[in-house]
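Engineer: Below you will find the structure I want to go over with you.
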Amino acid sequence: MAKTSKKASAPKAATAKAAPKRKTARRRPAEERPVTVVIAAMGGEGGGVLTAWLVDAARKAGLPVQATSIPGVAQRTGATTYYVEIVPKPYAETGDLEPVLDLYPGPGDIDMMIATELMEVGRAMEKGFISPEKTTLIGSTHRVYTLAEKMAMGDGRYDGDRILDAAKQMSKRHILFDIERAAQDAGTIVNSVLLGAMAGSGVLPIEPEAFKDGIRDSGKAVESNLAGFDVGFAYATGDVVELQTKPAPPKAPAPRPGDSVGDLKGRIERDYPSETHAVVLEACGRCLDYQDAAYARLYLDRLDTVRAIDEDRGDGDFKITNEAARHLGLRMTFEDIMRVAQLKTRRSRFERMRRDVQAQDDQLVRTTEHFKPGPYEFASVLPKGLGRRVVDWADRNPAKARKWHFGLHIRTDTVWGFARVRTLAAMRRLRRRGYRYAEEQDLIEGWLDLVRKAAAVSKPMALETIECARLIKGYSETHKRGVGNYCRIVAEIVEPALAEGVDRAGDIAQARAAALADPEGESLSEAIAAMAEARDGAAVAAE
Amino acid sequence: MERSFAKEVQSLKKGDGEIFEGEGILAVTKAALQSGVSYVGGYQGSPVSHLVDVLNDAKDIMDEYGVHLEICANEAGAAAMLGASIQYPIRGLVTWKSTVGTNVASDALSNLGSVGVTGGAVVILGEDYGEGASIIQERSHAYALKSTLWLFDPRPNLTSIVSLTEKAFELSEASNQPVMVQLRILACHVQGRFEAKDNKHGQFTGNRKLEKPNFDLMKIALPPGTYAQEKHKWEERVPAAIDFIRREKLNETFDGELDDLGIICQGGLYNTVQRSLNHLGLADIYGNSRVPIYCMNVTYPLVPDEISAFCAGKKHVLVVEEGHPAYIEDDVNVILRKADVQTKVHGKGPLPMAGQYTSDVVQNGVSQWIDEIGLPDTNKGSAGARIKYIVGLKTKATKYLGSPVPPRPPTFCTGCPERPVFSAIKLMEKDLGKTHISCDIGCHTFSALPPFSIGQTVLGYGLGLASSTGVAPNFDKRVISIMGDGGFWHNGLSTGVASSVFNRNDSILIVMKNGYTSATGWQWVPSTPKEGNFEQSHMSIEETVRALGVKWQRKVRTYNVAKMVKTLKEAMTTTHEGLKVIIAESECMLAKQRRVKAERTKLIREGKRAVRPRFGIDDDVCTGDHSCIRLSGCPSLTIKANPDPLRTDPIAHVNTGCVGCGLCGEVAHAAILCPSFYKAEIVYNAGPFERWLAGVRQRVIGMVYSPEELRLAPRQEGAMEQEDAAKAA
């Protein structure tokens with residue numbers, strides 16, 4: 001784009017007449033079409049520069065070329081789509097005929113589709129820009145999550161594998177890899193990797209070396225852009241192959257050594273089937289870390305009662321145990337202020353933080369924690385009776401309670417700040433006397449009781465009841481809302497079902513999904529009302 | 001400005017016979033210089049924001065030719081500039097986004113169109129029509145009809161765009177009327193080339209000034225001039241324009257062998273029509289079509305005898321006209337009826353009534369038409385095969401995907417200073433209940449989208465406050481209006497603030513003061529900060545509002561969510577009646593980052609101390625509820641797979657795009673969300689004392705850790721692999 005003046009004086013371009021040709025003697029075959037390229041890029045990926053590289057290379061090769069762009073609604077946050085048409089027949093061969101090129105990409109008519117993110121690959125398919133007859137697809141497998149996916153209270157992620165499968169079916173050729181990571185590894189941004197992949201795909205009527213010349217001519221970030229180009233080229237020519245969205249599932253966690261874990265480990269390995277070891281060891285170790293060895297033993301004592309269900313069932317499948325082990329571990333290590341303080345003062349945590357914020361070894365990192373404890377947090381460390389009273393007051397006066405939150409910004413990289421948080425962490429030795437502990441243990445016992453009863457009804461019923469524990473998570477209002485939703489589902493669906501001995505696994509799953517649909521709880525209310533109506537209707541019909 | 005055209009504008013200096021290669025918008029500027037303009041002006045808005053930027057960057061070239069550049073306060077101001085052409089033989093060009101800009105400009109345009117011009121007066125309309133448009137969908141054509149302004153719709157290649165822009169000046173002078181040149185969004189951004197000509201000096205310019213004023217009462221909107229103007233318009237100017245268009249062959253006829261058929265299209269759609277014929281095997285890509293085409297580069301006025309001559313002897317013609325109402329199609333029918341030409345006119349029917357005429361829409365329409373009338377040498381129905389293929393492609397994709405891909409709606413940028421205001425409104429409404437919120441045009445209109453879903457109405461640029469005045473007296477809570485600083489200076493100052501004070505309205509106005517018209521790419525407004533310092537801006541919104549008589553006024557730094565919530569609550573509940581103005585101030589983050597990053601890079605390079613702030617989330621403290629995302633929606637606040645083997649819900653995660661604006665922490669704080677967030681300040685080139693102190697701190701803190709605890713550290717990535725390796729060894 002920037003280099004127009006220079007190019008115009010180049011001998012090749014100067015001979016080309018830009019005036020429109022109204023009529024030519026003979027019509028050429030309709031099949032002589034331009035090579036069409038759609039680039040769906042997002043902000044900061046250098047899509048504009050990529051298009052300019054492409055246009056410049058085509059111009060240098062004496063080929064007619066036209067490019068345009070459709071910016072997103074906001075200039076920067078939306079995706080920008082670039083559309084390029086290159087006529088493979090040079091001006092020299094047609095007697096400087098000026099083609100009529102389209103500004104809109106046509107569905108079913110795209111030779112090369114570039115999408116810099118996996119969901120955009122899917123969107124390109126929806127628009128008809130990827131066809132099995134014509135399209136070479138160059139797409140990235142990495143994800144930039146959409147807001148809808150991010151906002152979900154549970155897991156709202158779109159299944160990327162579906163897009164990969166579809167892409168394989170829908171394209172003539174697919175070159176799919178994590179372009180973002182490839183660019184990072186090469187120390188550059190996405191556009192040069194894409195240019196390499198485009199050149200390597202062999203679809204464009206331009207020699208790969210011409211693109212490299214273009215990078216060199218631009219004189220900007222030449223080394224890193226060439227490195228990126230080579231990486232992209234290697235992927236497109238099949239020298240590197242990669243096709244996966246999800247990282248390999250985490251392997252079984254390492255059992256953690258500890259003074260009394262030895263016994264516990266022995267007990268787990270003796271009593272539990274091997275397919276549950278990974279989760280049980282992890283969860284048991286976590287309880288140990290959370291409180292003490294007695295607490296870890298309590299975990300196993302509780303889990304033993306669930307294991308017994310699977311053993312009685314005798315189908316050799318320990319799914320109930322596995323799922324219960326996972327949730328029990330999480331429920332027993334509920335997040336209170338002492339736990340947060342404990343996690344925040346870990347040495348490994350500071351190491352992870354340095355990695356996350358990309359601090360180099362020679363740089364210092366100052367860390368400020370954001371705490372805002374309020375009545376619920378104070379109650380959790382108060383003795384049971386006193387804590388109950390504080391919580392009751394806070395429940396009755398939410399507006400006042402909100403004022404009794406204290407904003408703390410603590411610098412944990414200083415000795416004093418660290419010491420304060422560390423002291424808070426040490427207070428976990430008092431946890432058992434606290435109000436929150438008592439509350440949580442009651443909830444846990446109640447939940448396990450339901451699980452055991454549900455198992456008597458059916459396996460799905462047991463699994464769904466176990467999964468309800470997932471609703472309880474987070475801090476302050478989030479936690480309160482979670483407990484509220486959990487108790488509601490238990491009281492309105494699980495307990496009535498168990499009392500009647502009916503299998504309502506489907507209803508439970510549906511209610512849980514509704515509870516995670518909106519924070520206001522409207523979906524859950526609607527779902528429960530609809531279920532009640534359906535059951536009433538069924539009851540009437542039965543009569 | 002967001003984008004610099006400093007390099008590109010050099011090509012504006014090209015002379016006779018040189019090849020100009022570049023973007024459509026730049027080509028229009030070159031056409032203006034080749035036409036000898038004396039003044040240019042405009043108001044930014046996609047897709048012609050860049051035209052204003054180009055003009056700005058081309059200042060030295062403009063100066064050489066004595067061309068004055070005016071960055072107008074709004075489109076009305078830009079249109080009024082053309083008033084210079086009424087009395088004097090000087091050429092001018094102005095630009096804005098249409099149709100919204102044309103709406104604002106219409107008062108001046110009506111006067112201009114009635115009085116008529118002496119010097120060439122040209123308006124470049126950036127048409128934002130189509131699926132990605134952020135404005136209401138209407139046709140600028142209506143303005144051409146209403147105010148008798150000639151309307152060009154050039155073929156979308158640079159040669160046509162440039163030569164027609166030049167012809168627009170000539171036509172304007174030949175017929176004494178202003179000309180509007182319509183450029184669709186893709187044509188504005190098209191990269192192409194044309195053969196340049198020398199730039200020209202205007203007859204009178206900043207370098208060669210007028211010496212005495214002209215006076216002519218007949219050019220004033222007073223009787224008897226007004227009727228005389230109307231008469232002159234229809235008896236002299238319209239025929240003169242039609243003569244010029246015919247004589248200069250501004251519309252183009254392309255012959256084809258199937259001479260009982262024809263297509264009449266707007267120039268801007270010509271390439272797409274050609275491609276659709278190409279797909280049906282009826283044309284090559286060099287513009288040789290078997291179906292004759294009449295390409296209207298001028299869509300108003302029409303040239304009746306050209307149209308009837310084109311249609312004479314044809315059985316069927318298809319009119320390809322984008323948008324509704326179908327003014328051209330209707331006129332073609334009337335013209336043929338009057339000329340007693342019996343050609344059947346098709347148009348809306350095979351083609352859709354409204355909506356953007358994209359590649360597949362036109363293909364679909366042309367194919368349907370061909371199938372309807374039947375070609376002598378092809379099988380009936382064969383044209384539809386391609387459409388079936390395209391539909392099949394999309395259906396297949398939908399089937400393979402299983403469910404629709406989640407949309408990616410536009411949103412506030414990373415670290416945007418406007419986002420916290422909406423977080424604060426959400427938190428305020430939690431306590432005081434929801435109220436009516438009148439929104440405005442600007443980046444802040446995105447508040448209507450998730451995660452905020454705030455705002456009941458948008459009525460136009462700068463009209464946020466004015467649009468609340470009918471609701472406020474009928475609503476049981478105080479209503480809130482929102483206006484950007486761009487909208488404030490565009491017209492909100494008088495239409496909104498002055499009017500509200502005058503009417504003693506009891507409502508709340510939030511002015512988003514980020515320093516620029518940022519949605520269009522950081523063009524300056526009167527209150528634009530100097531070097532990021534709002535105190536040094538040219539004009540002050542606070543003082544202006546005070547001068548207008550607003551008694552209750554607060555200024556809040558937007559990132560201070562807690563204070564913003566408190567201020568909003570105060571505004572909602574105070575006994576003070578009358579307009580309450582909250583100025584939500586913080587510089588546009590993109591503008592700020594560009595400056596701050598450059599400064600930091602410089603410091604680091606020089607080996608001086610620099611600090612980069614960032615936010616982060618502790619993986620093991622986050623439980624994956626995403627409340628923080630629902631209150632912020634920042635692009636850099638995202639999710640990632642949960643590294644905890646016991647959990648399945650993804651956790652929140654701050655990616656490397658974070659600019660450390662602090663909203664995450666503020667929201668977590670104000671909303672009492674969760675303690676996962678931390679702020680990290682990365683110190684580059686720390687001094688010896690700071691290093692020593694940090695070292696001491698680390699050693700003291702390190703003494704706390706027992707070996708046992710270090711072993712009990714939470715699982716790290718790769719821990720297992722290490723253990724496996726150890727076992728294997």
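Numbering starts fresh at 1 for the residues of each chain in the structure tokens, the chains themselves are lettered A, B, ... in the order given, and ligands are numbered from 1 as they appear.
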Give me, as a count of residues only, all polymer residues having an atom no more than 7 Å from Asp259 of chain B, counting only C-alpha atoms and skipping those fewer than 5 positions away in the same chain.

Structural biologist: 3

Engineer: Please extract the residues of segment 322-475 of chain A with a backbone DSSP assignment of helix (DSSP H, G or I) and present them as a ChimeraX atom specification.

Structural biologist: /A:322-332,337-344,347-356,375-381,384-396,398-403,415-433,435-457,459-471

Engineer: With only C-alpha atoms as the counted atoms, please give the residues lying no more than 8 Å from Ala472 of chain B, apart from itself and same-chain residues fewer than 6 positions off, as a PDB file with C-alpha atoms, in the first residue's frame.

Structural biologist:
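Wrote selection.pdb, looks like this:
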ATOM      1  CA  ARG B 478     -35.083   9.486  37.187  1.00  0.00           C
ATOM      2  CA  VAL B 479     -34.040   8.493  33.708  1.00  0.00           C
ATOM      3  CA  ASP B 506     -35.171  16.602  36.009  1.00  0.00           C
ATOM      4  CA  SER B 507     -32.888  13.940  34.612  1.00  0.00           C
TER       5      SER B 507
END

Engineer: Using only C-alpha atoms, which residue out of B:Asp107, B:Glu131, B:Glu248, B:Glu570 lies closest to chain A?

Structural biologist: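 Using only C-alpha atoms, the shortest distance to chain A belongs to B:Glu131.
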